[in-house]
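Text of input-v3.cif, listed as mmCIF, C-alpha atoms:
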```
data_input
loop_
_atom_site.group_PDB
_atom_site.id
_atom_site.type_symbol
_atom_site.label_atom_id
_atom_site.label_comp_id
_atom_site.auth_asym_id
_atom_site.auth_seq_id
_atom_site.Cartn_x
_atom_site.Cartn_y
_atom_site.Cartn_z
ATOM 1 C CA MET A 1 -84.570 -6.851 60.161
ATOM 2 C CA THR A 2 -82.591 -8.072 63.174
ATOM 3 C CA THR A 3 -82.780 -11.633 61.793
ATOM 4 C CA ILE A 4 -81.097 -10.551 58.552
ATOM 5 C CA LEU A 5 -78.499 -8.535 60.459
ATOM 6 C CA THR A 6 -77.792 -11.508 62.742
ATOM 7 C CA LEU A 7 -77.475 -13.781 59.705
ATOM 8 C CA LEU A 8 -75.010 -11.408 58.000
ATOM 9 C CA ILE A 9 -72.893 -11.037 61.140
ATOM 10 C CA GLY A 10 -72.874 -14.820 61.565
ATOM 11 C CA ALA A 11 -71.804 -15.303 57.937
ATOM 12 C CA LEU A 12 -68.973 -12.788 58.342
ATOM 13 C CA ILE A 13 -67.751 -14.418 61.545
ATOM 14 C CA GLY A 14 -67.965 -17.853 59.901
ATOM 15 C CA ALA A 15 -66.010 -16.629 56.863
ATOM 16 C CA ALA A 16 -63.313 -15.129 59.100
ATOM 17 C CA ILE A 17 -62.992 -18.370 61.070
ATOM 18 C CA MET A 18 -62.717 -20.426 57.852
ATOM 19 C CA TYR A 19 -60.081 -18.016 56.527
ATOM 20 C CA PHE A 20 -57.870 -18.431 59.600
ATOM 21 C CA ILE A 21 -58.393 -22.216 59.703
ATOM 22 C CA SER A 22 -57.429 -22.563 56.026
ATOM 23 C CA ARG A 23 -54.310 -20.411 56.535
ATOM 24 C CA LYS A 24 -53.269 -22.575 59.489
ATOM 25 C CA THR A 25 -53.878 -25.770 57.477
ATOM 26 C CA PHE A 26 -51.717 -24.455 54.609
ATOM 27 C CA ALA A 27 -48.926 -23.543 57.024
ATOM 28 C CA GLU A 28 -49.095 -27.044 58.534
ATOM 29 C CA GLU A 29 -48.975 -28.698 55.075
ATOM 30 C CA MET A 30 -45.888 -26.761 53.947
ATOM 31 C CA PRO A 31 -43.976 -25.882 57.119
ATOM 32 C CA ASN A 32 -40.509 -25.928 55.560
ATOM 33 C CA ALA A 33 -40.930 -25.239 51.839
ATOM 34 C CA VAL A 34 -37.420 -25.811 50.464
ATOM 35 C CA PRO A 35 -36.469 -24.101 47.209
ATOM 36 C CA PRO A 36 -35.948 -26.658 44.428
ATOM 37 C CA LYS A 37 -32.719 -26.972 42.464
ATOM 38 C CA GLY A 38 -32.488 -24.324 39.759
ATOM 39 C CA ILE A 39 -34.079 -21.369 41.542
ATOM 40 C CA ILE A 40 -32.896 -18.081 40.031
ATOM 41 C CA SER A 41 -33.191 -14.561 41.363
ATOM 42 C CA PRO A 42 -35.175 -11.816 39.647
ATOM 43 C CA THR A 43 -31.832 -10.302 38.590
ATOM 44 C CA GLN A 44 -30.786 -13.576 36.935
ATOM 45 C CA ALA A 45 -34.195 -13.795 35.225
ATOM 46 C CA LYS A 46 -33.732 -10.269 33.870
ATOM 47 C CA THR A 47 -30.255 -11.223 32.564
ATOM 48 C CA LEU A 48 -31.702 -14.238 30.722
ATOM 49 C CA ASP A 49 -34.558 -12.147 29.339
ATOM 50 C CA THR A 50 -32.200 -9.412 28.122
ATOM 51 C CA ALA A 51 -29.901 -11.985 26.492
ATOM 52 C CA PHE A 52 -32.922 -13.149 24.452
ATOM 53 C CA ASP A 53 -33.592 -9.652 23.037
ATOM 54 C CA ALA A 54 -31.530 -10.105 19.853
ATOM 55 C CA ARG A 55 -33.190 -13.448 19.048
ATOM 56 C CA HIS A 56 -36.628 -12.008 19.744
ATOM 57 C CA GLU A 57 -35.948 -9.081 17.429
ATOM 58 C CA LEU A 58 -34.729 -11.449 14.684
ATOM 59 C CA ILE A 59 -37.875 -13.595 15.002
ATOM 60 C CA SER A 60 -40.239 -10.630 15.286
ATOM 61 C CA SER A 61 -38.894 -8.549 12.406
ATOM 62 C CA GLY A 62 -37.485 -11.287 10.164
ATOM 63 C CA ILE A 63 -40.045 -14.085 10.443
ATOM 64 C CA VAL A 64 -43.264 -13.109 12.208
ATOM 65 C CA GLU A 65 -43.184 -9.486 10.984
ATOM 66 C CA ARG A 66 -44.843 -8.292 14.202
ATOM 67 C CA PRO A 67 -43.855 -8.427 17.886
ATOM 68 C CA ASP A 68 -43.838 -12.155 18.757
ATOM 69 C CA ASN A 69 -44.565 -13.889 22.060
ATOM 70 C CA ARG A 70 -41.842 -13.805 24.677
ATOM 71 C CA SER A 71 -43.673 -15.859 27.277
ATOM 72 C CA SER A 72 -46.530 -18.272 27.915
ATOM 73 C CA TRP A 73 -48.751 -18.142 30.985
ATOM 74 C CA TYR A 74 -50.437 -21.207 32.495
ATOM 75 C CA ALA A 75 -52.965 -21.250 35.326
ATOM 76 C CA LEU A 76 -51.623 -23.062 38.368
ATOM 77 C CA SER A 77 -54.743 -25.253 38.429
ATOM 78 C CA ASP A 78 -54.123 -26.291 34.792
ATOM 79 C CA VAL A 79 -50.487 -27.178 35.507
ATOM 80 C CA ARG A 80 -51.410 -29.230 38.591
ATOM 81 C CA ALA A 81 -54.205 -31.009 36.695
ATOM 82 C CA TYR A 82 -51.864 -31.672 33.773
ATOM 83 C CA LEU A 83 -49.169 -33.140 36.036
ATOM 84 C CA GLU A 84 -51.703 -35.541 37.563
ATOM 85 C CA TYR A 85 -53.017 -36.433 34.093
ATOM 86 C CA ALA A 86 -49.493 -36.910 32.677
ATOM 87 C CA GLU A 87 -48.413 -39.153 35.578
ATOM 88 C CA LYS A 88 -51.473 -41.355 35.099
ATOM 89 C CA GLN A 89 -50.941 -41.498 31.344
ATOM 90 C CA ALA A 90 -47.250 -42.357 31.836
ATOM 91 C CA LYS A 91 -48.244 -45.213 34.143
ATOM 92 C CA ASP A 92 -50.779 -46.439 31.561
ATOM 93 C CA LEU A 93 -47.996 -46.344 28.946
ATOM 94 C CA HIS A 94 -45.731 -48.356 31.315
ATOM 95 C CA TYR A 95 -43.447 -45.425 32.150
ATOM 96 C CA THR A 96 -42.464 -43.686 35.346
ATOM 97 C CA MET A 97 -42.635 -39.941 34.850
ATOM 98 C CA ASP A 98 -39.515 -38.191 36.138
ATOM 99 C CA GLY A 99 -39.938 -34.654 34.846
ATOM 100 C CA MET A 100 -41.132 -32.295 32.167
ATOM 101 C CA ARG A 101 -39.378 -30.983 29.078
ATOM 102 C CA LEU A 102 -40.333 -27.520 27.825
ATOM 103 C CA TYR A 103 -40.120 -26.955 24.086
ATOM 104 C CA LEU A 104 -40.295 -23.759 22.091
ATOM 105 C CA GLY A 105 -42.746 -24.073 19.217
ATOM 106 C CA ALA A 106 -44.888 -21.948 16.938
ATOM 107 C CA HIS A 107 -48.568 -22.090 16.227
ATOM 108 C CA PRO A 108 -49.424 -22.744 12.566
ATOM 109 C CA ASP A 109 -50.003 -19.807 10.253
ATOM 110 C CA SER A 110 -53.648 -18.830 9.928
ATOM 111 C CA LEU A 111 -55.284 -16.618 7.312
ATOM 112 C CA GLY A 112 -51.873 -15.488 6.065
ATOM 113 C CA ILE A 113 -50.677 -14.448 9.537
ATOM 114 C CA VAL A 114 -47.629 -16.165 10.988
ATOM 115 C CA GLY A 115 -48.422 -18.008 14.237
ATOM 116 C CA TYR A 116 -47.040 -16.837 17.548
ATOM 117 C CA THR A 117 -44.202 -18.605 19.349
ATOM 118 C CA THR A 118 -45.377 -20.853 22.179
ATOM 119 C CA VAL A 119 -43.918 -22.989 24.944
ATOM 120 C CA PHE A 120 -45.301 -26.495 25.373
ATOM 121 C CA MET A 121 -44.612 -29.199 27.938
ATOM 122 C CA ILE A 122 -43.969 -32.898 27.367
ATOM 123 C CA PRO A 123 -43.617 -35.452 30.185
ATOM 124 C CA THR A 124 -40.339 -37.338 30.464
ATOM 125 C CA GLY A 125 -39.535 -40.588 32.190
ATOM 126 C CA PHE A 126 -38.232 -44.104 31.977
ATOM 127 C CA SER A 127 -39.791 -47.312 30.799
ATOM 128 C CA ASN A 128 -41.106 -49.925 33.230
ATOM 129 C CA VAL A 129 -40.776 -52.750 30.702
ATOM 130 C CA SER A 130 -38.655 -55.812 31.366
ATOM 131 C CA GLN A 131 -35.055 -56.012 30.158
ATOM 132 C CA HIS A 132 -36.146 -58.597 27.540
ATOM 133 C CA GLU A 133 -38.731 -56.226 26.097
ATOM 134 C CA ALA A 134 -36.227 -53.367 26.178
ATOM 135 C CA THR A 135 -33.601 -55.281 24.177
ATOM 136 C CA GLU A 136 -36.199 -55.857 21.453
ATOM 137 C CA ASN A 137 -37.013 -52.128 21.400
ATOM 138 C CA ASP A 138 -33.809 -50.105 21.670
ATOM 139 C CA HIS A 139 -35.721 -46.867 22.252
ATOM 140 C CA LEU A 140 -36.881 -48.262 25.612
ATOM 141 C CA LEU A 141 -33.313 -48.571 26.928
ATOM 142 C CA LYS A 142 -33.117 -44.906 27.940
ATOM 143 C CA LYS A 143 -32.446 -44.517 31.655
ATOM 144 C CA GLY A 144 -34.770 -41.565 32.124
ATOM 145 C CA HIS A 145 -35.406 -37.978 31.162
ATOM 146 C CA GLY A 146 -36.471 -39.028 27.657
ATOM 147 C CA ASP A 147 -39.787 -37.864 26.251
ATOM 148 C CA ILE A 148 -42.464 -40.474 26.929
ATOM 149 C CA PRO A 149 -43.578 -41.842 23.544
ATOM 150 C CA GLY A 150 -47.306 -41.404 22.992
ATOM 151 C CA ALA A 151 -47.798 -39.062 25.971
ATOM 152 C CA ASP A 152 -49.914 -35.936 25.565
ATOM 153 C CA GLY A 153 -48.294 -32.536 26.017
ATOM 154 C CA LEU A 154 -49.659 -29.271 27.400
ATOM 155 C CA ASP A 155 -49.923 -26.094 25.324
ATOM 156 C CA MET A 156 -52.357 -23.244 24.938
ATOM 157 C CA GLY A 157 -50.963 -21.129 27.728
ATOM 158 C CA GLY A 158 -51.829 -17.470 27.474
ATOM 159 C CA PRO A 159 -49.410 -15.066 25.789
ATOM 160 C CA GLY A 160 -47.676 -12.196 27.494
ATOM 161 C CA ASP A 161 -49.561 -8.949 27.918
ATOM 162 C CA PRO A 162 -48.763 -7.673 25.340
ATOM 163 C CA PRO A 163 -47.245 -10.756 23.700
ATOM 164 C CA SER A 164 -43.876 -9.051 23.212
ATOM 165 C CA ALA A 165 -43.596 -7.859 26.839
ATOM 166 C CA ASN A 166 -40.258 -8.441 28.535
ATOM 167 C CA TYR A 167 -39.676 -9.810 32.039
ATOM 168 C CA PRO A 168 -41.113 -8.788 34.438
ATOM 169 C CA GLN A 169 -44.716 -8.288 33.297
#
```

Mind turning this structure into structure tokens?
Amino acid sequence: MTTILTLLIGALIGAAIMYFISRKTFAEEMPNAVPPKGIISPTQAKTLDTAFDARHELISSGIVERPDNRSSWYALSDVRAYLEYAEKQAKDLHYTMDGMRLYLGAHPDSLGIVGYTTVFMIPTGFSNVSQHEATENDHLLKKGHGDIPGADGLDMGGPGDPPSANYPQ
């Protein structure tokens, strides 16, 4: 009995030590997290969400005939994995990825039910081809921020809960 108790106490102490070590490591990795360009406040997000109400109502009642999606949710691990995948694919396609473009889309109708609105991501970037190759293919002359031809996008994020829920959820 004392052996099991000792083992449990040791496991708890070990878990606590690992917790504090991992917190310290995270703090060391991101000591001065600087907000990126484009950060908006919750108040600004609410303003944008409210401004979308009329469009959402038009789509929901006039097209979808039920409350449509207002948001898409993606797991952080999926987004990080996708960014790594997209950067590798861009390199394989002879592009340098410089960002992501988010598109509004709609899933296809199924069994007579109109598909929900979705948001999908497409990598953007600029071509790494030589100037000679670029002059033969005018679409390669873009200086950046263009969708990378042939690159896979990311979709299938989860809908809001419920799909028509406003910000914040």

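Residue nearest Ser60 of chain A within the list A:Val129, A:Val119, A:Ala151, A:Val114: A:Val114 [criterion: smallest interatomic distance, only C-alpha atoms].
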
*What gap, in Å, lies between atom CA of Gly105 of chain A and atom CA of Thr117 of chain A?*
5.7 Å

*Quick one: of A:Pro31, A:Pro163, A:Pro36, A:Gly112, who's nearest to Asp68 of chain A, counting all atoms listed in the file?*
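Looking only at the distances to Asp68 of chain A, the closest residue turns out to be A:Pro163.
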
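Atom CA of Trp73 of chain A is found 15.9 Å from atom CA of Ile122 of chain A.
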
*Give me the residues within 6 Å of Ala106 of chain A as a VMD selection string, counting all atoms listed in the file and dropping any in the same chain fewer than 2 places off.*
chain A and resid 115 to 118

*Separation of atom CA of Arg101 of chain A and atom CA of Glu57 of chain A, in Å?*
25.0 Å

*From the set A:Gly38, A:Pro108, A:Gly153, A:Gly144, which residue has the shortest atom-to-atom contact distance to Thr124 of chain A, counting only C-alpha atoms?*
A:Gly144

Selection result of the PyMOL selection byres ((chain A and resi 152) around 9) on this file, as a PDB file with C-alpha atoms, in the frame of the given file:
```pdb
ATOM      1  CA  ALA A  86     -49.493 -36.910  32.677  1.00  0.00           C
ATOM      2  CA  GLN A  89     -50.941 -41.498  31.344  1.00  0.00           C
ATOM      3  CA  MET A 121     -44.612 -29.199  27.938  1.00  0.00           C
ATOM      4  CA  ILE A 122     -43.969 -32.898  27.367  1.00  0.00           C
ATOM      5  CA  PRO A 123     -43.617 -35.452  30.185  1.00  0.00           C
ATOM      6  CA  ILE A 148     -42.464 -40.474  26.929  1.00  0.00           C
ATOM      7  CA  PRO A 149     -43.578 -41.842  23.544  1.00  0.00           C
ATOM      8  CA  GLY A 150     -47.306 -41.404  22.992  1.00  0.00           C
ATOM      9  CA  ALA A 151     -47.798 -39.062  25.971  1.00  0.00           C
ATOM     10  CA  GLY A 153     -48.294 -32.536  26.017  1.00  0.00           C
ATOM     11  CA  LEU A 154     -49.659 -29.271  27.400  1.00  0.00           C
TER      12      LEU A 154
END
```

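Among the candidates A:Tyr167, A:Leu93, A:Ile59, A:Ala75, the one nearest to Gln44 of chain A when counting all atoms listed in the file is A:Tyr167.
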
*Can you list, as a ChimeraX atom specification, the residues that the PyMOL selection byres ((chain A and resi 168) around 9) selects here?*
/A:42,45-46,49,165-167,169

Given the selection you just returned, output its residues as a file containing C-alpha atoms, formatted as a PDB file, keeping the file's coordinate frame.
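Output file result.pdb is given in full below:
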```pdb
ATOM      1  CA  PRO A  42     -35.175 -11.816  39.647  1.00  0.00           C
ATOM      2  CA  ALA A  45     -34.195 -13.795  35.225  1.00  0.00           C
ATOM      3  CA  LYS A  46     -33.732 -10.269  33.870  1.00  0.00           C
ATOM      4  CA  ASP A  49     -34.558 -12.147  29.339  1.00  0.00           C
ATOM      5  CA  ALA A 165     -43.596  -7.859  26.839  1.00  0.00           C
ATOM      6  CA  ASN A 166     -40.258  -8.441  28.535  1.00  0.00           C
ATOM      7  CA  TYR A 167     -39.676  -9.810  32.039  1.00  0.00           C
ATOM      8  CA  GLN A 169     -44.716  -8.288  33.297  1.00  0.00           C
TER       9      GLN A 169
END
```

*From the list A:Thr96, A:Asp109, A:Phe120, A:Asp161, which residue is nearest Gly146 of chain A when using all atoms listed in the file?*
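Using all atoms listed in the file, the shortest distance to Gly146 of chain A belongs to A:Thr96.
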